[in-house]
$ cat structure-v8.tsv   # TSV, C-alpha atoms
chain	number	residue	atom	x	y	z
A	1	MET	CA	-0.44	-8.03	47.06
A	2	ASN	CA	2.46	-10.47	47.43
A	3	LYS	CA	6.06	-9.34	46.93
A	4	HIS	CA	6.68	-11.36	43.77
A	5	LEU	CA	3.65	-9.92	42.04
A	6	GLU	CA	4.65	-6.39	43.03
A	7	GLN	CA	8.10	-7.00	41.53
A	8	LEU	CA	6.58	-8.30	38.28
A	9	ILE	CA	4.40	-5.20	38.02
A	10	GLN	CA	7.46	-3.01	38.58
A	11	ILE	CA	9.46	-4.91	35.94
A	12	SER	CA	6.55	-4.66	33.50
A	13	ASN	CA	6.22	-0.91	34.08
A	14	LEU	CA	9.96	-0.42	33.52
A	15	ASP	CA	9.75	-2.37	30.25
A	16	LYS	CA	6.87	-0.16	29.18
A	17	GLU	CA	8.93	2.94	29.95
A	18	ILE	CA	11.86	1.63	27.92
A	19	ASP	CA	9.63	0.75	24.96
A	20	SER	CA	7.76	4.07	25.16
A	21	LEU	CA	10.98	5.87	24.28
A	22	GLU	CA	11.40	3.98	20.97
A	23	PRO	CA	8.69	6.00	19.16
A	24	LYS	CA	10.48	9.15	20.31
A	25	ILE	CA	13.65	7.93	18.60
A	26	GLN	CA	11.68	7.19	15.42
A	27	LEU	CA	10.06	10.63	15.59
A	28	LYS	CA	13.46	12.28	15.92
A	29	ARG	CA	14.66	10.34	12.86
A	30	SER	CA	11.51	10.94	10.80
A	31	GLU	CA	12.60	14.27	9.28
A	32	LEU	CA	16.09	12.93	8.61
A	33	ASP	CA	14.72	9.75	7.01
A	34	LYS	CA	12.32	11.81	4.90
A	35	THR	CA	15.18	13.99	3.65
A	36	ILE	CA	17.32	10.92	2.90
A	37	ARG	CA	14.43	9.42	0.89
A	38	SER	CA	14.12	12.71	-1.04
A	39	LYS	CA	17.82	12.52	-1.88
A	40	GLU	CA	17.48	8.90	-3.01
A	41	ILE	CA	14.57	9.87	-5.28
A	42	LYS	CA	16.66	12.67	-6.80
A	43	GLN	CA	19.58	10.30	-7.33
A	44	SER	CA	17.25	7.85	-9.04
A	45	GLU	CA	15.94	10.63	-11.30
A	46	PHE	CA	19.52	11.60	-12.17
A	47	LEU	CA	20.43	8.00	-13.09
A	48	ASN	CA	17.24	7.58	-15.15
A	49	LEU	CA	18.13	10.72	-17.09
A	50	GLU	CA	21.63	9.35	-17.66
A	51	GLU	CA	20.15	6.18	-19.16
A	52	GLU	CA	17.81	8.25	-21.35
A	53	LYS	CA	20.79	10.33	-22.53
A	54	LYS	CA	22.65	7.17	-23.53
A	55	ASP	CA	19.68	6.09	-25.63
A	56	ILE	CA	19.46	9.54	-27.26
A	57	LYS	CA	23.18	9.50	-28.09
A	58	LEU	CA	22.71	6.12	-29.80
A	59	GLN	CA	19.86	7.56	-31.85
A	60	ILE	CA	22.06	10.51	-32.84
A	61	LEU	CA	24.79	8.10	-33.94
A	62	ARG	CA	22.28	6.15	-36.03
A	63	ASN	CA	21.12	9.33	-37.76
A	64	GLU	CA	24.71	10.44	-38.33
A	65	GLN	CA	25.30	7.07	-39.97
A	66	VAL	CA	22.27	7.75	-42.18
A	67	LEU	CA	23.86	11.07	-43.20
A	68	GLN	CA	27.11	9.31	-44.09
A	69	ASP	CA	25.27	6.67	-46.11
A	70	VAL	CA	23.24	9.36	-47.91
A	71	SER	CA	26.41	11.35	-48.64
A	72	VAL	CA	28.00	8.29	-50.25
A	73	LYS	CA	24.81	7.64	-52.17
A	74	LEU	CA	24.65	11.23	-53.45
A	75	GLU	CA	28.23	11.07	-54.63
A	76	SER	CA	27.36	7.92	-56.53
A	77	ILE	CA	24.25	9.60	-58.01
A	78	TYR	CA	26.23	12.69	-59.08
A	79	LYS	CA	28.82	10.47	-60.75
A	80	LYS	CA	26.09	8.62	-62.62
A	81	ILE	CA	24.45	11.89	-63.66
A	82	SER	CA	27.71	13.04	-65.20
A	83	GLU	CA	27.77	9.86	-67.23
A	84	VAL	CA	24.06	9.70	-68.07
A	85	ARG	CA	23.13	8.89	-71.67
A	86	SER	CA	19.36	9.18	-71.73
A	87	GLU	CA	16.57	11.39	-70.46
A	88	ARG	CA	14.97	8.42	-68.78
A	89	GLU	CA	18.13	7.61	-66.79
A	90	LEU	CA	18.50	11.27	-65.79
A	91	LYS	CA	14.92	11.41	-64.57
A	92	ALA	CA	15.39	8.27	-62.48
A	93	LEU	CA	18.62	9.61	-61.00
A	94	ASN	CA	16.96	12.95	-60.21
A	95	ILE	CA	14.24	11.09	-58.29
A	96	GLU	CA	16.92	9.13	-56.37
A	97	GLU	CA	18.68	12.41	-55.62
A	98	GLU	CA	15.50	14.01	-54.24
A	99	ILE	CA	14.81	10.97	-52.06
A	100	ALA	CA	18.39	10.99	-50.75
A	101	LYS	CA	18.27	14.72	-50.01
A	102	GLU	CA	14.93	14.26	-48.20
A	103	GLN	CA	16.49	11.48	-46.10
A	104	SER	CA	19.43	13.78	-45.35
A	105	SER	CA	17.08	16.61	-44.35
A	106	GLN	CA	15.02	14.32	-42.10
A	107	ALA	CA	18.17	12.92	-40.46
A	108	ASN	CA	19.51	16.44	-39.80
A	109	GLN	CA	16.19	17.54	-38.32
A	110	GLU	CA	16.08	14.44	-36.14
A	111	ILE	CA	19.67	15.02	-34.97
A	112	GLN	CA	18.79	18.61	-34.06
A	113	ARG	CA	15.66	17.48	-32.19
A	114	LEU	CA	17.60	14.79	-30.33
A	115	GLN	CA	20.41	17.22	-29.49
A	116	ASN	CA	17.88	19.69	-28.05
A	117	THR	CA	16.37	16.88	-25.96
A	118	LEU	CA	19.84	15.83	-24.84
A	119	ASP	CA	20.71	19.40	-23.81
A	120	HIS	CA	17.44	19.70	-21.89
A	121	LYS	CA	18.10	16.48	-19.99
A	122	SER	CA	21.64	17.64	-19.18
A	123	GLN	CA	20.23	20.92	-17.82
A	124	THR	CA	17.71	18.97	-15.77
A	125	GLN	CA	20.54	16.84	-14.39
A	126	LYS	CA	22.42	19.99	-13.38
A	127	ILE	CA	19.36	21.21	-11.47
A	128	ILE	CA	19.02	17.81	-9.79
A	129	GLN	CA	22.71	17.82	-8.85
A	130	ASP	CA	22.28	21.20	-7.18
A	131	GLU	CA	19.23	19.89	-5.31
A	132	ILE	CA	21.20	16.82	-4.15
A	133	LEU	CA	24.01	19.04	-2.85
A	134	LYS	CA	21.48	21.11	-0.88
A	135	LEU	CA	19.90	17.94	0.50
A	136	ASP	CA	23.35	16.73	1.54
A	137	GLU	CA	23.79	19.90	3.58
A	138	VAL	CA	20.38	19.46	5.23
A	139	ILE	CA	21.11	15.78	5.94
A	140	ASN	CA	24.45	16.67	7.50
A	141	ASP	CA	22.85	19.25	9.82
A	142	LEU	CA	19.99	16.92	10.73
A	143	GLU	CA	22.33	14.01	11.46
A	144	LYS	CA	24.22	16.12	13.99
A	145	LYS	CA	21.02	17.26	15.71
A	146	VAL	CA	19.32	13.86	15.60
A	147	SER	CA	22.42	12.10	16.89
A	148	LYS	CA	22.49	14.35	19.94
A	149	ASP	CA	18.75	13.97	20.62
A	150	ILE	CA	18.87	10.18	20.21
A	151	GLU	CA	21.87	9.92	22.55
A	152	GLU	CA	19.82	11.70	25.24
A	153	ILE	CA	16.89	9.32	24.74
A	154	LYS	CA	19.20	6.29	24.75
A	155	ALA	CA	20.67	7.55	28.03
A	156	GLN	CA	17.14	7.65	29.49
A	157	GLN	CA	16.53	4.12	28.28
A	158	GLN	CA	19.79	2.92	29.81
A	159	GLU	CA	18.91	4.55	33.14
A	160	ILE	CA	15.58	2.72	33.23
A	161	PHE	CA	17.25	-0.51	32.09
A	162	ASP	CA	19.74	-0.25	34.96
A	163	LYS	CA	16.86	0.08	37.42
A	164	LYS	CA	15.31	-3.02	35.88
A	165	GLN	CA	18.57	-4.99	36.16
A	166	LYS	CA	18.94	-4.09	39.84
A	167	LEU	CA	15.42	-5.30	40.48
A	168	ILE	CA	15.96	-8.51	38.50
A	169	VAL	CA	18.98	-9.43	40.64
A	170	MET	CA	16.73	-9.36	43.72
A	171	MET	CA	14.00	-11.49	42.14
A	172	ASP	CA	13.37	-15.20	41.79
A	173	GLN	CA	15.04	-16.10	38.46
A	174	LYS	CA	12.40	-18.72	37.63
A	175	LEU	CA	9.79	-16.00	37.96
A	176	ILE	CA	11.79	-13.70	35.66
A	177	SER	CA	12.16	-16.52	33.14
A	178	PHE	CA	8.40	-17.09	33.23
A	179	TYR	CA	7.74	-13.37	32.77
A	180	GLU	CA	10.09	-13.19	29.78
A	181	LYS	CA	8.31	-16.15	28.13
A	182	VAL	CA	4.97	-14.35	28.46
A	183	ARG	CA	6.52	-11.08	27.25
A	184	LYS	CA	7.79	-12.72	24.05
A	185	TRP	CA	4.25	-12.79	22.70
A	186	ALA	CA	2.30	-10.42	24.97
A	187	LYS	CA	4.90	-7.58	24.83
A	188	ASN	CA	3.85	-4.71	27.11
A	189	SER	CA	0.60	-6.38	28.09
A	190	SER	CA	2.35	-9.26	29.87
A	191	VAL	CA	1.20	-8.12	33.32
A	192	VAL	CA	-2.27	-6.63	33.30
A	193	PRO	CA	-4.93	-5.60	35.84
A	194	VAL	CA	-8.33	-7.18	36.16
A	195	ARG	CA	-11.13	-4.74	35.45
A	196	LYS	CA	-14.79	-5.57	35.99
A	197	GLN	CA	-13.69	-9.20	36.50
A	198	ALA	CA	-12.18	-9.32	33.00
A	199	CYS	CA	-8.57	-9.75	31.88
A	200	GLY	CA	-6.95	-6.44	30.96
A	201	GLY	CA	-5.21	-8.12	28.03
A	202	CYS	CA	-7.76	-10.29	26.24
A	203	PHE	CA	-10.82	-8.68	27.93
A	204	ILE	CA	-12.51	-12.04	28.51
A	205	ARG	CA	-14.41	-12.49	31.77
A	206	ILE	CA	-12.68	-14.51	34.47
A	207	ASN	CA	-14.63	-17.05	36.51
A	208	ASP	CA	-15.33	-16.44	40.18
A	209	ARG	CA	-12.82	-19.02	41.45
A	210	VAL	CA	-9.85	-17.54	39.59
A	211	TYR	CA	-11.00	-14.02	40.40
A	212	THR	CA	-11.05	-14.87	44.11
A	213	GLU	CA	-7.48	-16.18	43.89
A	214	ILE	CA	-6.39	-12.94	42.20
A	215	ILE	CA	-8.00	-10.86	44.95
A	216	LYS	CA	-6.19	-12.89	47.63
A	217	SER	CA	-2.84	-12.19	45.83
A	218	THR	CA	-1.16	-15.13	47.50
A	219	ASP	CA	0.29	-16.48	44.27
A	220	ILE	CA	1.05	-15.53	40.66
A	221	ILE	CA	-2.17	-16.05	38.71
A	222	THR	CA	-2.41	-16.12	34.93
A	223	CYS	CA	-5.43	-15.56	32.73
A	224	PRO	CA	-7.05	-18.95	31.94
A	225	HIS	CA	-7.87	-17.65	28.46
A	226	CYS	CA	-4.70	-15.91	27.24
A	227	GLY	CA	-1.98	-16.70	29.79
A	228	ARG	CA	-1.16	-13.12	30.82
A	229	ILE	CA	-0.14	-12.45	34.43
A	230	LEU	CA	-3.03	-10.87	36.33
A	231	TYR	CA	-3.37	-8.62	39.37
A	232	GLU	CA	-6.13	-6.77	41.15
A	233	GLU	CA	-5.86	-3.06	40.50
A	234	SER	CA	-5.70	-0.92	43.64
A	235	ASN	CA	-8.60	1.43	44.21
$ encode --input "structure-v8.tsv" --output "C-alpha cells"
Amino acid sequence: MNKHLEQLIQISNLDKEIDSLEPKIQLKRSELDKTIRSKEIKQSEFLNLEEEKKDIKLQILRNEQVLQDVSVKLESIYKKISEVRSERELKALNIEEEIAKEQSSQANQEIQRLQNTLDHKSQTQKIIQDEILKLDEVINDLEKKVSKDIEEIKAQQQEIFDKKQKLIVMMDQKLISFYEKVRKWAKNSSVVPVRKQACGGCFIRINDRVYTEIIKSTDIITCPHCGRILYEESN
C-alpha cells in the first residue's frame, strides 16, 4: 500500500474517532436535556393556568356587575311597590322582583363556583412552582456533572484532533483537499475497503480493471460508482 493511501486511511480513522465521541456528549446531555424539557413543560402549564385565571377573574367581574345591576333594579322595584296603586301593578312588580332575585342568586352561585375554580388553579400553580424549584436544583446538579464529563470527552477529541493536524502537515495538501471534498458528502465512509470486489461504501461491484489497480496500490483509486476512496483490506 502506498504512503499516501496509508495516510488517508489514518486521517479517516482519526476523523471517525473524533466523530464517535459526539454521541457520548449527547448521551451525557440527554438526562439534563430531559430535565430541562420537563421544567419548560411545567412553566408552560403555569402560564396556561395564569391565562385561565385571568379569564375567570373577568367572568367574576361580569357577574359582580350583574349583582350591581340587579341591586339597582330591586331598589327601583321596591320604590315602585311603595307607590303601587293597583293589584295588577303589584303582581307585575312581584314577578319582576322574583326574576331579579333569581338573577342575583344565580350570579352569586356562579361567583362562588368561579372563585372555587380560581382557588383550585392557584393551588395547582403553587404545586407547579414547587416542582419547578425542585427541577431547578436537579438541573443545577446535572449541569455541574455534565460539564465535567463533557470537558473530559472534549479533551479526548482535541487530543485526537492534534494527532490529525500533525499528520496533515506531513501530507500532500492537494490530497488532503481532495479527501475533504469527498468527506463533505461521504462523512465517515470517505475512505473504505473493498470487500468481495465491491465498494465498502455503496456496495456496488467494481470491475476487474479498477480492482486490479486497487490491489496494486500504486495510486489513489476512487469508486467509479460513488467516488469514495478505495483500498484493499489487509488479510
$ atom_distance --input "structure-v8.tsv" --atom1 "atom CA of Glu213 of chain A" --atom2 "atom CA of Asp15 of chain A"
26.0 Å
$ closest_residue --input "structure-v8.tsv" --among "A:Gln165, A:Val66, A:Glu75, A:Ile132" --to "Glu102 of chain A" --atoms "only C-alpha atoms"
A:Val66
$ atom_distance --input "structure-v8.tsv" --atom1 "atom CA of Thr117 of chain A" --atom2 "atom CA of Glu131 of chain A"
21.1 Å
$ atom_distance --input "structure-v8.tsv" --atom1 "atom CA of Met171 of chain A" --atom2 "atom CA of Ile215 of chain A"
22.2 Å
$ residues_around --input "structure-v8.tsv" --residues "Ser12 of chain A" --least-positions-apart "6" --cutoff "8 Å" --atoms "all atoms listed in the file" --output "list in words"
Asn188, Ser190 and Val191 of chain A
$ closest_residue --input "structure-v8.tsv" --among "A:Asp136, A:Glu98, A:Glu89, A:Glu6" --to "Thr35 of chain A" --atoms "only C-alpha atoms"
A:Asp136
$ residues_around --input "structure-v8.tsv" --residues "Glu96 of chain A" --least-positions-apart "6" --cutoff "10 Å" --atoms "all atoms listed in the file" --output "list in words"
Lys73, Leu74, Ile77, Leu90 and Glu102 of chain A
$ decode --input "structure-v8.tsv" --residues "segment 189-208 of chain A" --atoms "N, CA, C and O atoms" --output "compact mmCIF listing (two decimals), in the first residue's frame"
# COMPACT_ATOMS: atom_id res chain seq x y z
N SER A 189 -17.49 7.59 5.74
CA SER A 189 -17.28 6.49 4.78
C SER A 189 -16.55 7.03 3.55
O SER A 189 -16.73 6.56 2.44
N SER A 190 -15.69 8.03 3.80
CA SER A 190 -14.94 8.64 2.69
C SER A 190 -13.86 7.70 2.16
O SER A 190 -13.59 7.66 0.96
N VAL A 191 -13.22 6.98 3.07
CA VAL A 191 -12.17 6.02 2.70
C VAL A 191 -12.63 4.65 3.15
O VAL A 191 -12.77 4.40 4.35
N VAL A 192 -12.90 3.77 2.20
CA VAL A 192 -13.50 2.48 2.56
C VAL A 192 -12.75 1.31 1.91
O VAL A 192 -12.16 1.45 0.83
N PRO A 193 -12.77 0.15 2.54
CA PRO A 193 -12.12 -1.04 1.96
C PRO A 193 -12.98 -1.68 0.88
O PRO A 193 -14.20 -1.43 0.82
N VAL A 194 -12.33 -2.45 0.06
CA VAL A 194 -13.05 -3.24 -0.95
C VAL A 194 -13.24 -4.63 -0.38
O VAL A 194 -12.29 -5.27 0.06
N ARG A 195 -14.48 -5.09 -0.38
CA ARG A 195 -14.79 -6.42 0.15
C ARG A 195 -15.54 -7.21 -0.91
O ARG A 195 -16.55 -6.74 -1.43
N LYS A 196 -15.02 -8.38 -1.21
CA LYS A 196 -15.62 -9.25 -2.24
C LYS A 196 -15.78 -8.48 -3.54
O LYS A 196 -16.81 -8.57 -4.22
N GLN A 197 -14.75 -7.68 -3.86
CA GLN A 197 -14.67 -6.87 -5.08
C GLN A 197 -15.83 -5.88 -5.19
O GLN A 197 -16.27 -5.54 -6.29
N ALA A 198 -16.31 -5.41 -4.03
CA ALA A 198 -17.37 -4.40 -4.02
C ALA A 198 -16.95 -3.24 -3.13
O ALA A 198 -16.23 -3.43 -2.14
N CYS A 199 -17.38 -2.05 -3.48
CA CYS A 199 -17.07 -0.84 -2.70
C CYS A 199 -17.69 -0.96 -1.31
O CYS A 199 -18.86 -1.33 -1.17
N GLY A 200 -16.90 -0.63 -0.28
CA GLY A 200 -17.39 -0.69 1.08
C GLY A 200 -18.32 0.44 1.45
O GLY A 200 -18.83 0.49 2.57
N GLY A 201 -18.54 1.37 0.51
CA GLY A 201 -19.44 2.49 0.78
C GLY A 201 -20.78 2.33 0.09
O GLY A 201 -21.83 2.39 0.73
N CYS A 202 -20.74 2.11 -1.23
CA CYS A 202 -22.01 1.97 -1.98
C CYS A 202 -22.37 0.51 -2.24
O CYS A 202 -23.47 0.21 -2.69
N PHE A 203 -21.39 -0.40 -1.99
CA PHE A 203 -21.59 -1.86 -2.10
C PHE A 203 -21.84 -2.35 -3.53
O PHE A 203 -22.36 -3.45 -3.74
N ILE A 204 -21.47 -1.53 -4.50
CA ILE A 204 -21.62 -1.94 -5.91
C ILE A 204 -20.32 -2.60 -6.36
O ILE A 204 -19.22 -2.16 -6.02
N ARG A 205 -20.46 -3.64 -7.16
CA ARG A 205 -19.28 -4.40 -7.61
C ARG A 205 -18.39 -3.55 -8.50
O ARG A 205 -18.86 -2.77 -9.32
N ILE A 206 -17.09 -3.72 -8.32
CA ILE A 206 -16.09 -2.97 -9.08
C ILE A 206 -15.55 -3.87 -10.19
O ILE A 206 -15.28 -5.06 -9.98
N ASN A 207 -15.36 -3.29 -11.37
CA ASN A 207 -14.87 -4.12 -12.49
C ASN A 207 -13.43 -4.57 -12.25
O ASN A 207 -12.70 -4.02 -11.43
N ASP A 208 -13.04 -5.56 -13.00
CA ASP A 208 -11.73 -6.21 -12.80
C ASP A 208 -10.57 -5.23 -12.98
O ASP A 208 -9.57 -5.29 -12.26
